[in-house]
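A.B. asks: Quick one: the structure is below, questions incoming.
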Amino acid sequence: MIPHLRKDYNTNFSEEKYERLLSLIEREAGERPSFRVSETPIFVPERLTRQLLEACESLSDLICRPDFKQLSEGALLPENFVPGETDHTAFLMMDFGLCEGENGDLVPQLIEIQGFPSLFFYQDLLARSYREAFDIPQEMPHLFGVSGEEEYVQKLRNTIVGDADPENVVLLEIFPETQNTRVDFWLTEKALGVKVVNITDLKVEGKVAYYLNEKGRKVKVERLYNRTIFDELYKYRDLKREFYFQKEYDFRWVGHPHWFFRISKHTLPFLKSPYVPESWFLHEWEGGYDSLQNYVLKPLYSFSGQGVILSPTKADIENIPEEERANYILQKKVKYVPVIQTPDEPAKVEIRMMHIWEQDAPRPELLISLIRLSKGEMIGVRYNKDKTWVGSSAAFFEMP
């Protein structure tokens with residue numbers, strides 16, 4: 001997207017440099033990512049950087065509204081109720097596709113918005129590894145609003161650890177060692193000193209949750225950094241455990257589960273912005289069947305693109321019972337533009353703008369981004385099999 005930087009990068013690329021990139025990640029994280037790492041980062045021009053920053057601020061305005069909890073109440077199902085909800089989310093992710101605008105220009109368009117943490121430590125390592133393995137201009141940052149690495153980690157420490165002793169803070173997941181995102185868990189543990197804990201290893205006595213450390217000593221949980229997604233947990237109905245989300249505990253949630261639902265696809269119909277495609281709750285849809293081909297049908301309660309129908313038909317709509325249609329949205333299609341030149345075909349881009357929201361801060365704060373490159377119909381592994389210059393990537397920004 002910055003032609004001379006793209007040309008220079010592609011010309012000077014080598015498989016040896018790419019192997020060095022992967023080795024740098026492995027050296028710091030202890031293993032290579034289980035997902036594909038792209039051969040290239042992206043270089044974001046000033047105009048697009050300005051648009052992304054403007055979009056983030058305008059969308060945050062809705063999340064910060066005093067009545068947002070009231071607006072999002074319909075996103076919470078009774079079976080997903082968890083005591084101890086915080087005043088606001090601790091994390092805010094905004095996924096933008098780089099799309100074709102009405103005038104044929106390149107504009108960011110919101111695809112998803114999430115009140116859930118993402119790969120903060122992996123993304124920073126990935127960007128630093130690109131810098132070391134390749135010749136990335138130093139004047140193009142990958143971080144926002146901080147002076148450098150030390151302040152970036154401190155912001156995350158303030159949000160996740162707070163004033164607790166790190167050993168009393170756990171990162172909770174289901175079988176973390178098997179998760180595709182586990183490389184970020186190990187980096188979080190290494191940077192902050194928190195403990196990565198499998199949900200089956202969390203013990204309970206009354207309202208106290210604890211884990212056993214390497215010496216068998218009970219360690220009380222004071223802050224719980226939640227990385228568990230209910231959709232995945234429900235696959236393990238017979239999982240033997242003592243900890244259940246629906247019970248009340250004597251700790252503070254860092255990323256309370258309600259915000260995963262409150263800030264989600266359910267939020268999209270409330271967002272009115274040139275950076276947000278028109279979205280409707282299915283039960284409020286007024287467009288008729290003839291225009292359905294211009295929309296994507298998405299279930300509210302699904303994870304990782306499951307159940308999405310790209311071009312719904314009248315039959316698809318009629319197959320959904322009336323009483324369930326409030327659990328679906330129709331989102332106007334956007335056209336991803338393949339803007340990243342690669343040795344064969346160009347790649348499409350999705351940019352996740354990653355925010356934290358510290359406990360007493362007035363609003364979320366943008367820290368870093370996450371990039372996914374694709375040459376398939378959609379973003380995702382199954383659409384990019386046997387392709388190169390796709391997958392996990394980082395962005396370097398030309399700042400306004």
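Note on naming: chains are A, B, ... as they come in the structure tokens, residues start from 1 per chain, ligands start from 1 in the order shown.
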For the alpha helix (DSSP H) assignment from backbone DSSP, which residues of stretch 291-324 of chain A qualify? Please present them as a PyMOL selection string.
C.D. replies: chain A and resi 314-318
A.B. asks: Could the residues in this selection be written to a file with C-alpha atoms, as a short mmCIF file (atom, residue, chain, number, x, y, z; two decimals), in the first residue's frame?
C.D. replies:
data_model
loop_
_atom_site.label_atom_id
_atom_site.label_comp_id
_atom_site.auth_asym_id
_atom_site.auth_seq_id
_atom_site.Cartn_x
_atom_site.Cartn_y
_atom_site.Cartn_z
CA LYS A 314 -35.23 -16.87 0.87
CA ALA A 315 -35.06 -20.54 1.88
CA ASP A 316 -32.18 -19.84 4.29
CA ILE A 317 -34.27 -17.19 6.03
CA GLU A 318 -37.42 -19.28 6.12
#
A.B. asks: Residues within 10 Å of A:Leu212, please, as a VMD selection string. Count only C-alpha atoms; anything in the same chain fewer than 5 positions from it doesn't count.
C.D. replies: chain A and resid 197 201 to 203 217 to 220
A.B. asks: List every residue of stretch 238-346 of chain A that has an atom at most 12 Å from any atom of stretch 354-361 of chain A, and for each one report the closest atom pair and its distance in Å to one decimal, counting only C-alpha atoms, with rows sorted by chain and then by increasing residue number, as a tab-separated table.
C.D. replies:
residue	atom	partner	partner_atom	distance
A:Arg252	CA	A:Gln359	CA	10.9
A:Trp253	CA	A:Gln359	CA	10.9
A:Val254	CA	A:Gln359	CA	9.3
A:Gly255	CA	A:Trp357	CA	9.9
A.B. asks: Applying 9 Å and only C-alpha atoms, which residues near A:Lys348 remain after dropping the ones on its own chain fewer than 6 positions away? List them as a list of chain:residue names.
C.D. replies: A:Gly97, A:Leu98, A:Cys99, A:Tyr336, A:Val337, A:Pro338, A:Val339, A:Ile340, A:Arg372, A:Leu373, A:Ser374, A:Lys375, A:Gly376, A:Met378, A:Ile379, A:Val390
A.B. asks: Would you list, as JSON, numbers by chain, the residues of stretch 29-160 of chain A that end up in strand (DSSP E or B) under DSSP run on this structure's backbone?
C.D. replies: {"A": [37, 42, 43, 44, 91, 92, 93, 94, 95, 96, 97, 98, 99, 100, 106, 107, 108, 109, 110, 111, 112, 113, 114, 143]}
A.B. asks: With C-alpha atoms retained, could you export that selection as an mmCIF file, in the first residue's frame?
C.D. replies:
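Saved to result.cif:
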data_model
loop_
_atom_site.group_PDB
_atom_site.id
_atom_site.type_symbol
_atom_site.label_atom_id
_atom_site.label_comp_id
_atom_site.auth_asym_id
_atom_site.auth_seq_id
_atom_site.Cartn_x
_atom_site.Cartn_y
_atom_site.Cartn_z
ATOM 1 C CA VAL A 37 2.988 -16.787 9.686
ATOM 2 C CA ILE A 42 2.026 -4.650 5.624
ATOM 3 C CA PHE A 43 2.903 -0.963 5.327
ATOM 4 C CA VAL A 44 -0.065 1.290 6.034
ATOM 5 C CA PHE A 91 -10.382 -5.319 26.003
ATOM 6 C CA LEU A 92 -11.819 -4.060 22.742
ATOM 7 C CA MET A 93 -10.999 -5.502 19.315
ATOM 8 C CA MET A 94 -12.149 -3.998 16.012
ATOM 9 C CA ASP A 95 -11.639 -6.034 12.836
ATOM 10 C CA PHE A 96 -11.582 -4.024 9.619
ATOM 11 C CA GLY A 97 -11.376 -5.340 6.078
ATOM 12 C CA LEU A 98 -9.572 -3.176 3.558
ATOM 13 C CA CYS A 99 -12.368 -2.738 1.066
ATOM 14 C CA GLU A 100 -13.459 -0.923 -2.056
ATOM 15 C CA LEU A 106 -9.548 1.888 -0.382
ATOM 16 C CA VAL A 107 -11.447 2.236 2.906
ATOM 17 C CA PRO A 108 -11.563 0.241 6.159
ATOM 18 C CA GLN A 109 -14.891 -1.485 6.808
ATOM 19 C CA LEU A 110 -15.787 -3.049 10.148
ATOM 20 C CA ILE A 111 -16.243 -6.819 9.962
ATOM 21 C CA GLU A 112 -16.369 -7.737 13.658
ATOM 22 C CA ILE A 113 -16.107 -6.007 17.031
ATOM 23 C CA GLN A 114 -15.196 -7.972 20.174
ATOM 24 C CA LEU A 143 2.627 0.471 18.527
#
A.B. asks: Can you pull out every residue within 7 Å of A:Lys17, counting only C-alpha atoms, but drop anything in the same chain fewer than 4 positions away, and send it as a short mmCIF file (atom, residue, chain, number, x, y, z; two decimals) with N, CA and C atoms, in the first residue's frame?
C.D. replies:
data_model
loop_
_atom_site.label_atom_id
_atom_site.label_comp_id
_atom_site.auth_asym_id
_atom_site.auth_seq_id
_atom_site.Cartn_x
_atom_site.Cartn_y
_atom_site.Cartn_z
N PHE A 13 13.32 -9.81 -0.39
CA PHE A 13 12.87 -10.98 0.38
C PHE A 13 13.71 -12.21 0.05
N LEU A 21 12.94 -15.10 10.70
CA LEU A 21 11.75 -14.56 11.36
C LEU A 21 11.13 -15.61 12.28
N ALA A 133 14.48 -9.36 11.21
CA ALA A 133 14.79 -10.26 10.09
C ALA A 133 14.82 -9.54 8.75
N PHE A 134 14.08 -8.44 8.66
CA PHE A 134 13.96 -7.70 7.40
C PHE A 134 14.30 -6.22 7.65
#
